[in-house]
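K.L.:
Pasting a structure below so you can have a look.
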Amino acid sequence: MEYAIVAENLVKRFGPIVAVNGVTFKVKKGERFGFLGPNGAGKTTTVHILTTLLKPDEGKALVAGHDVVKEAREVRKKIGVVFQDPALDTHLTAYENLYIHGRLYGLRGKELKERIEEVLKFFDLYEHKDRVVRFFSGGMRRRLEIARALMHRPEVLFLDEPTVGLDPQSRAKVWDYIRGVNEEFGITVFLTTHYMDEADRLCHRIAIIDRGKIIAEGSPDELKRMIGKEIIYVKTEIEPKCPEDFECEKKDNLLIIKVENAARALPKVMELLTPYKILEVNVKRPTLDDVFLELTGRELREEGADTFGIFRAAARRWM
Amino acid sequence: MDAFIAMAYRQLKRFLRAKPRLVFTLITPIMWIVFYGIGWASSMNFPGIELILGTDYLSFLIPGVVGMAVFMAGYMSGVSVIWDKHFGFLKEVLVAPTPRWQSITGRIFGDSIVAMIQGVALALLGFLIAHNMNPWGLPIVFLASFLTAFGFASIGTAIAASGKFKTIEGFQAFVNLVTFPVIFSSGAFFPLNNVPDWFKSIAYVNPLTYSVDAMRLALAGVGSFPMWEDLLALVIFALTSGAIAAYFFERSTLD
């Protein structure tokens, strides 16, 4: 299997702060890989290293087969990047923004025009091509940025917090486009997020990162299974008995059953409990939030929960 | 050349999109001419003033104000690289595979064209109120404006790209600190013939001095240096500061 990204023991310090502290991971070609972690965990710094904007203090990284430090220019040709902070020129139109990008990547003439129209159409922005970006909604700007990042047909697309600040509909739409880009063009996607639902729904594999270190890695399901079982709650009219071969707890008429795979166990459980007249059935699956809580003792959402987080967030603002 | 064209295109488009800005940037120099210029011109209209200034005060002042306006337009546009840095657009340029020196030279070139248009527009307005200005000097105004703006836009870019400033306040304080000595020691508002030696030595190393001298020589026929010296100084200034800007920008990272 060939890898689109190989990172080995990356370390990046900003003064006394270690933003990235020995990060190692691999991303397969064609994969959608997510970096999940709270703000200030080192996600953006990792993206900046992988996209050649920062030099790591230690370790090395290959992107699309090239070293990000020694062959920065080769890497830059093969990647598309959507930064966390919008990098559009809001005084220009969508078309002009794309035109400038195309020229920066050596496209010109008829080919450039065709690419611009192609990406505008793919992202449903064609009818807005001559509008000044200042008047675009947040969702449209994100789409335009992703469109722009794809114009030069990169092998790897980096998305740093692609849906931060977007309303739910726009988020869902951006997700669809990201999936579409990955599935239709086979482009490897590396994204960072602090939304667990985003990582869960969008990524084939996830690395959970906290305080500059990867603390867990795997598919969303694997990660969730790490912290244990799924739980089925069954409420019955008659006080039930625990079915044989199941791990149960009972609270009056409520049965709490822990299983490996609720979807598979449910038919059996229902069948065995039917005699007690089932009133309600509920299934709780662990979320990636639970995984993060289990691993760190903190919630994913607590922003800047530690003092350093605040410093790192502040430091990042100046980058 | 692609990156050069892309960035020059961007700066020109931005300028054309913001037409009110053209008017605004001309307001400050027009104020100088109207209030400061007409103010002094009303007192300095005694016989023999030509012996001191070489011409009447307004014809003396307006080429200086053109130089000042071009300096400010160029310098501020270079300095605005810092906003690209903070509002993200810079990253788009930095991750592109094209050589960075090309992008930044393109940006500086585009801005210099804009500043040149402003300088020439101001000189044209000057003909309305100054009586001893020569329209045949306009080609020199084009050239000197472009070179001046290119040089100072490069200086501004180098300051912004150097990464020496950790806060925007410190950066702005420094940027403003530079403007006053450059403007006042250039001889834009008064002749340098009789100033003390220390003042003269500052004026001689100030590139704007040569720009103002070239404009005044072209428009009013009065100057301290021969035209070729002025233009040579400006060409050297534009090239060296352009190289410095490219050097700093080439090395800029996000650290």
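The way I read the labels, and the way they are meant: chains A, B, ... in the order of the structure tokens, residue 1 as the first residue of every chain, and ligand 1 as the first ligand shown, with later ones counted on from there.
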Sorted by chain and rising residue number, which residues of stretch 34-144 of chain B lie within 7 Å of stretch 160-178 of chain B, and what are their closest atom pairs and distances in Å to one decimal, counting only C-alpha atoms, as CSV?
P.N.:
```
residue,atom,partner,partner_atom,distance
B:Val79,CA,B:Ala160,CA,5.5
B:Val81,CA,B:Ala160,CA,6.0
B:Ile82,CA,B:Ala160,CA,5.2
```
K.L.:
Using all heavy atoms, can you write the selected residues to a file as a CSV table (one decimal), in the first residue's frame?
P.N.:
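Just written: selection.csv:
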```
chain,number,residue,atom,x,y,z
B,79,VAL,N,3.5,48.0,3.1
B,79,VAL,CA,3.3,47.7,4.5
B,79,VAL,C,2.0,46.8,4.6
B,79,VAL,O,1.9,46.0,5.5
B,79,VAL,CB,3.1,49.0,5.2
B,79,VAL,CG1,2.3,48.8,6.5
B,79,VAL,CG2,4.5,49.6,5.5
B,81,VAL,N,1.2,44.3,3.2
B,81,VAL,CA,1.5,42.8,3.2
B,81,VAL,C,1.2,42.2,4.5
B,81,VAL,O,0.8,41.1,4.7
B,81,VAL,CB,3.0,42.6,2.8
B,81,VAL,CG1,3.4,41.1,3.1
B,81,VAL,CG2,3.2,42.9,1.3
B,82,ILE,N,1.4,43.0,5.6
B,82,ILE,CA,1.1,42.5,6.9
B,82,ILE,C,-0.3,42.1,7.1
B,82,ILE,O,-0.7,41.2,7.8
B,82,ILE,CB,1.5,43.6,8.0
B,82,ILE,CG1,1.7,42.9,9.4
B,82,ILE,CG2,0.4,44.6,8.2
B,82,ILE,CD1,3.1,42.5,9.7
```
K.L.:
Compile the contact shell of B:Ala115 as an NGL selection string: residues with an atom at most 12 Å away, counting only C-alpha atoms, same-chain residues fewer than 6 positions apart removed.
P.N.:
:B and (11-12 or 15 or 21-22 or 25-26 or 66-78 or 108-109 or 121-122 or 141-153)
K.L.:
What are the residues of chain A that have an atom within 7 Å of an atom of chain B, counting only C-alpha atoms, as a list in words?
P.N.:
Thr51, Leu53, Leu54, Arg73, Arg76, Lys77, Asp85, Pro86, Ala87, Leu88, Asp89, His91, Leu92, Ile100, Arg103, Leu104, Tyr105, Gly106 and Met319 of chain A
K.L.:
Which neighbours of B:Ser224 fall inside 10 Å, counting only C-alpha atoms, when residues of the same chain fewer than 2 positions from it are skipped, and could you give them as an MDAnalysis selection string?
P.N.:
chainID B and resid 191:193 209:210 213:214 216:217 222 226:227 230
K.L.:
Output the selection as a compact mmCIF listing (two decimals), in the first residue's frame - all heavy atoms for each residue.
P.N.:
```
# COMPACT_ATOMS: atom_id res chain seq x y z
N PRO B 191 13.21 74.59 0.25
CA PRO B 191 14.47 74.28 -0.43
C PRO B 191 15.52 73.80 0.57
O PRO B 191 15.52 74.22 1.72
CB PRO B 191 14.87 75.62 -1.05
CG PRO B 191 14.09 76.66 -0.35
CD PRO B 191 12.89 76.03 0.24
N LEU B 192 16.40 72.94 0.11
CA LEU B 192 17.42 72.38 0.99
C LEU B 192 18.73 73.17 0.95
O LEU B 192 19.68 72.86 1.67
CB LEU B 192 17.69 70.92 0.61
CG LEU B 192 16.54 69.94 0.83
CD1 LEU B 192 16.85 68.60 0.18
CD2 LEU B 192 16.23 69.77 2.30
N ASN B 193 18.76 74.22 0.11
CA ASN B 193 20.02 74.95 -0.10
C ASN B 193 20.64 75.47 1.18
O ASN B 193 21.84 75.43 1.37
CB ASN B 193 19.79 76.16 -1.02
CG ASN B 193 19.11 75.75 -2.30
OD1 ASN B 193 19.01 74.56 -2.59
ND2 ASN B 193 18.63 76.71 -3.06
N THR B 209 14.35 62.44 -1.65
CA THR B 209 14.97 63.70 -2.07
C THR B 209 15.15 63.72 -3.59
O THR B 209 14.85 64.71 -4.26
CB THR B 209 16.34 63.86 -1.40
OG1 THR B 209 16.16 63.72 0.02
CG2 THR B 209 16.96 65.22 -1.69
N TYR B 210 15.63 62.60 -4.12
CA TYR B 210 15.91 62.53 -5.56
C TYR B 210 14.62 62.48 -6.36
O TYR B 210 14.54 63.00 -7.47
CB TYR B 210 16.81 61.32 -5.86
CG TYR B 210 18.10 61.42 -5.07
CD1 TYR B 210 18.22 60.81 -3.83
CD2 TYR B 210 19.15 62.19 -5.55
CE1 TYR B 210 19.37 60.94 -3.07
CE2 TYR B 210 20.30 62.33 -4.80
CZ TYR B 210 20.42 61.71 -3.57
OH TYR B 210 21.55 61.87 -2.83
N ASP B 213 13.31 65.99 -6.31
CA ASP B 213 14.17 66.82 -7.17
C ASP B 213 13.87 66.58 -8.65
O ASP B 213 13.77 67.52 -9.45
CB ASP B 213 15.64 66.50 -6.87
CG ASP B 213 16.55 67.63 -7.35
OD1 ASP B 213 16.42 68.76 -6.82
OD2 ASP B 213 17.38 67.37 -8.25
N ALA B 214 13.69 65.30 -9.01
CA ALA B 214 13.38 64.97 -10.41
C ALA B 214 12.05 65.57 -10.82
O ALA B 214 11.92 66.16 -11.91
CB ALA B 214 13.35 63.45 -10.58
N ARG B 216 10.50 68.14 -9.54
CA ARG B 216 10.55 69.60 -9.55
C ARG B 216 11.33 70.11 -10.77
O ARG B 216 10.93 71.08 -11.41
CB ARG B 216 11.19 70.09 -8.26
CG ARG B 216 11.03 71.57 -8.02
CD ARG B 216 11.47 71.94 -6.63
NE ARG B 216 10.50 71.59 -5.62
CZ ARG B 216 10.80 71.17 -4.39
NH1 ARG B 216 12.06 71.02 -4.04
NH2 ARG B 216 9.84 70.89 -3.54
N LEU B 217 12.38 69.38 -11.08
CA LEU B 217 13.15 69.75 -12.26
C LEU B 217 12.30 69.60 -13.53
O LEU B 217 12.33 70.45 -14.42
CB LEU B 217 14.39 68.84 -12.34
CG LEU B 217 15.58 69.29 -13.19
CD1 LEU B 217 16.01 70.69 -12.81
CD2 LEU B 217 16.73 68.31 -13.00
N VAL B 222 13.33 73.57 -11.65
CA VAL B 222 14.22 73.89 -10.54
C VAL B 222 14.72 72.60 -9.91
O VAL B 222 13.91 71.71 -9.62
CB VAL B 222 13.47 74.69 -9.44
CG1 VAL B 222 14.45 75.18 -8.39
CG2 VAL B 222 12.69 75.82 -10.05
N PRO B 226 21.49 67.23 -11.34
CA PRO B 226 21.08 67.00 -12.74
C PRO B 226 20.07 65.86 -12.80
O PRO B 226 20.08 64.98 -11.95
CB PRO B 226 22.39 66.60 -13.44
CG PRO B 226 23.46 66.62 -12.41
CD PRO B 226 22.89 66.91 -11.09
N MET B 227 19.23 65.90 -13.82
CA MET B 227 18.17 64.90 -13.95
C MET B 227 18.71 63.47 -13.95
O MET B 227 18.16 62.59 -13.31
CB MET B 227 17.36 65.17 -15.22
CG MET B 227 16.20 64.24 -15.44
SD MET B 227 14.98 64.33 -14.11
CE MET B 227 14.00 65.73 -14.64
N ASP B 230 19.36 62.20 -10.48
CA ASP B 230 18.11 61.87 -9.79
C ASP B 230 17.60 60.51 -10.23
O ASP B 230 17.27 59.65 -9.42
CB ASP B 230 17.04 62.92 -10.09
CG ASP B 230 17.33 64.25 -9.40
OD1 ASP B 230 17.96 64.22 -8.32
OD2 ASP B 230 16.92 65.29 -9.94
```
K.L.:
Taking only stretch 80-180 of chain A into account, list the residues labelled strand (DSSP E) by DSSP (computed from the backbone), as an mmCIF file with C-alpha atoms, in the first residue's frame.
P.N.:
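Output file out_10.cif follows:
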```cif
data_model
loop_
_atom_site.group_PDB
_atom_site.id
_atom_site.type_symbol
_atom_site.label_atom_id
_atom_site.label_comp_id
_atom_site.auth_asym_id
_atom_site.auth_seq_id
_atom_site.Cartn_x
_atom_site.Cartn_y
_atom_site.Cartn_z
ATOM 1 C CA GLY A 80 -4.244 21.728 -2.216
ATOM 2 C CA VAL A 81 -4.777 23.548 1.048
ATOM 3 C CA VAL A 82 -7.778 25.142 2.695
ATOM 4 C CA VAL A 156 -3.638 15.446 -1.395
ATOM 5 C CA LEU A 157 -6.172 17.952 -0.113
ATOM 6 C CA PHE A 158 -5.589 19.523 3.314
ATOM 7 C CA LEU A 159 -8.576 20.991 5.099
ATOM 8 C CA ASP A 160 -7.963 22.755 8.393
#
```
K.L.:
Pick out each residue of stretch 147-304 of chain A that DSSP on the backbone tags as helix (DSSP H, G or I); I need them as a PyMOL selection string.
P.N.:
chain A and resi 147-150+168-185+196-202+220-226+262-276+288-296
K.L.:
Print the selection's residues with C-alpha atoms to a file, as an mmCIF file, in the first residue's frame.
P.N.:
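Produced file out-v3.cif, reproduced below:
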```cif
data_model
loop_
_atom_site.group_PDB
_atom_site.id
_atom_site.type_symbol
_atom_site.label_atom_id
_atom_site.label_comp_id
_atom_site.auth_asym_id
_atom_site.auth_seq_id
_atom_site.Cartn_x
_atom_site.Cartn_y
_atom_site.Cartn_z
ATOM 1 C CA ALA A 147 -12.850 24.652 -5.247
ATOM 2 C CA ARG A 148 -9.740 26.765 -5.494
ATOM 3 C CA ALA A 149 -7.605 24.214 -3.685
ATOM 4 C CA LEU A 150 -8.625 21.612 -6.279
ATOM 5 C CA PRO A 168 -25.698 23.007 10.115
ATOM 6 C CA GLN A 169 -26.999 23.037 6.520
ATOM 7 C CA SER A 170 -23.822 24.551 5.150
ATOM 8 C CA ARG A 171 -21.760 22.074 7.127
ATOM 9 C CA ALA A 172 -23.660 19.122 5.717
ATOM 10 C CA LYS A 173 -23.222 20.552 2.238
ATOM 11 C CA VAL A 174 -19.486 21.046 2.684
ATOM 12 C CA TRP A 175 -19.240 17.444 3.904
ATOM 13 C CA ASP A 176 -21.001 16.224 0.769
ATOM 14 C CA TYR A 177 -18.531 18.099 -1.402
ATOM 15 C CA ILE A 178 -15.560 16.739 0.533
ATOM 16 C CA ARG A 179 -16.864 13.197 0.127
ATOM 17 C CA GLY A 180 -17.550 13.867 -3.533
ATOM 18 C CA VAL A 181 -14.042 15.152 -4.156
ATOM 19 C CA ASN A 182 -12.562 12.118 -2.457
ATOM 20 C CA GLU A 183 -14.790 9.560 -4.141
ATOM 21 C CA GLU A 184 -15.026 11.017 -7.635
ATOM 22 C CA PHE A 185 -11.429 12.122 -8.068
ATOM 23 C CA MET A 196 -16.517 14.750 16.750
ATOM 24 C CA ASP A 197 -19.521 14.326 14.456
ATOM 25 C CA GLU A 198 -17.504 15.703 11.567
ATOM 26 C CA ALA A 199 -14.673 13.258 12.137
ATOM 27 C CA ASP A 200 -17.123 10.441 12.696
ATOM 28 C CA ARG A 201 -19.156 10.947 9.546
ATOM 29 C CA LEU A 202 -16.466 12.077 7.193
ATOM 30 C CA PRO A 220 -14.368 5.710 14.081
ATOM 31 C CA ASP A 221 -15.851 2.321 14.967
ATOM 32 C CA GLU A 222 -12.571 0.922 16.215
ATOM 33 C CA LEU A 223 -12.067 3.950 18.410
ATOM 34 C CA LYS A 224 -15.521 3.695 19.855
ATOM 35 C CA ARG A 225 -15.116 0.008 20.540
ATOM 36 C CA MET A 226 -11.907 0.790 22.412
ATOM 37 C CA ALA A 262 -26.104 -3.654 19.474
ATOM 38 C CA ALA A 263 -27.335 -3.935 15.896
ATOM 39 C CA ARG A 264 -26.667 -7.665 15.869
ATOM 40 C CA ALA A 265 -27.822 -8.390 19.402
ATOM 41 C CA LEU A 266 -31.068 -6.455 19.223
ATOM 42 C CA PRO A 267 -33.232 -9.018 17.370
ATOM 43 C CA LYS A 268 -32.229 -11.715 19.853
ATOM 44 C CA VAL A 269 -32.848 -9.483 22.847
ATOM 45 C CA MET A 270 -36.258 -8.452 21.516
ATOM 46 C CA GLU A 271 -37.203 -12.058 20.909
ATOM 47 C CA LEU A 272 -36.197 -13.160 24.406
ATOM 48 C CA LEU A 273 -37.904 -10.231 26.113
ATOM 49 C CA THR A 274 -41.170 -10.223 24.165
ATOM 50 C CA PRO A 275 -42.919 -12.260 26.886
ATOM 51 C CA TYR A 276 -42.390 -9.329 29.311
ATOM 52 C CA LEU A 288 -15.943 9.931 19.896
ATOM 53 C CA ASP A 289 -16.617 12.457 22.661
ATOM 54 C CA ASP A 290 -16.818 9.520 25.084
ATOM 55 C CA VAL A 291 -13.578 8.192 23.639
ATOM 56 C CA PHE A 292 -11.853 11.507 24.186
ATOM 57 C CA LEU A 293 -13.243 11.786 27.691
ATOM 58 C CA GLU A 294 -12.080 8.291 28.505
ATOM 59 C CA LEU A 295 -8.578 8.939 27.188
ATOM 60 C CA THR A 296 -7.978 12.393 28.610
#
```
K.L.:
Between atom CA of A:Gly138 and atom CA of A:Pro162, what distance in Å does the model show, to one decimal?
P.N.:
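Straight-line distance from atom CA of A:Gly138 to atom CA of A:Pro162 works out to 10.9 Å.
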K.L.:
Quick one, how far is atom CA of B:Pro135 from atom CA of B:Glu50?
P.N.:
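Atom-to-atom, atom CA of B:Pro135 and atom CA of B:Glu50 are spaced 19.8 Å apart.
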K.L.:
Can you pull out the residues contacting A:Lys60? Cut-off 7 Å, using only C-alpha atoms, and skip same-chain residues under 5 positions away; I want them as a PyMOL selection string.
P.N.:
chain A and resi 7-10
K.L.:
Selected residues, N, CA and C atoms, written as an mmCIF file, in the first residue's frame, please.
P.N.:
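That gives us part.cif:
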```cif
data_model
loop_
_atom_site.group_PDB
_atom_site.id
_atom_site.type_symbol
_atom_site.label_atom_id
_atom_site.label_comp_id
_atom_site.auth_asym_id
_atom_site.auth_seq_id
_atom_site.Cartn_x
_atom_site.Cartn_y
_atom_site.Cartn_z
ATOM 1 N N ALA A 7 4.286 10.756 8.325
ATOM 2 C CA ALA A 7 4.881 11.686 9.294
ATOM 3 C C ALA A 7 5.583 10.875 10.365
ATOM 4 N N GLU A 8 6.837 11.223 10.615
ATOM 5 C CA GLU A 8 7.599 10.483 11.617
ATOM 6 C C GLU A 8 8.118 11.403 12.700
ATOM 7 N N ASN A 9 7.600 11.220 13.871
ATOM 8 C CA ASN A 9 8.119 11.885 15.059
ATOM 9 C C ASN A 9 8.273 13.403 14.895
ATOM 10 N N LEU A 10 7.229 14.041 14.377
ATOM 11 C CA LEU A 10 7.305 15.496 14.174
ATOM 12 C C LEU A 10 7.267 16.241 15.502
#
```
K.L.:
Could you name the residues that touch stretch 30-33 of chain B at 12 Å or less, counting only C-alpha atoms, but leaving out those on the same chain fewer than 5 positions away, as a PyMOL selection string?
P.N.:
chain B and resi 23-25+38-41+57-66+68-69+118-119+121-130+188-189
K.L.:
Compile the contact shell of A:Lys284 as JSON, numbers by chain: residues with an atom at most 10 Å away, counting only C-alpha atoms, same-chain residues fewer than 3 positions apart removed.
P.N.:
{"A": [229, 230, 231, 232, 233, 258, 262, 287]}
K.L.:
Using only C-alpha atoms for the distances, tell me which of A:Glu237, A:Phe35, A:Met140, A:Gly109 is nearest to A:Glu280.
P.N.:
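Of the candidates, the smallest distance to A:Glu280 is held by A:Glu237.
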K.L.:
Using only C-alpha atoms, which protein or nucleic acid residues come within 10 Å of A:Glu74? Drop anything in the same chain fewer than 3 positions from it, and give the result as a ChimeraX atom specification.
P.N.:
/A:63-68,70-71,77-79 /B:97
K.L.:
Which is closest to A:Gly40 among A:Val18, A:Thr236, A:Phe246, A:Val27, if we use only C-alpha atoms?
P.N.:
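Closest residue, counting only C-alpha atoms: A:Val18.
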K.L.:
Could you work out how far atom CA of A:Ala94 lies from atom CA of A:Arg153, giving the answer in Å with one decimal?
P.N.:
18.3 Å
K.L.:
Hey, which of A:Lys250, A:Lys110, A:Arg32, A:Lys235 ends up closest to A:Ile278? Count only C-alpha atoms.
P.N.:
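Checking each candidate against A:Ile278, we get A:Lys235 as the closest.
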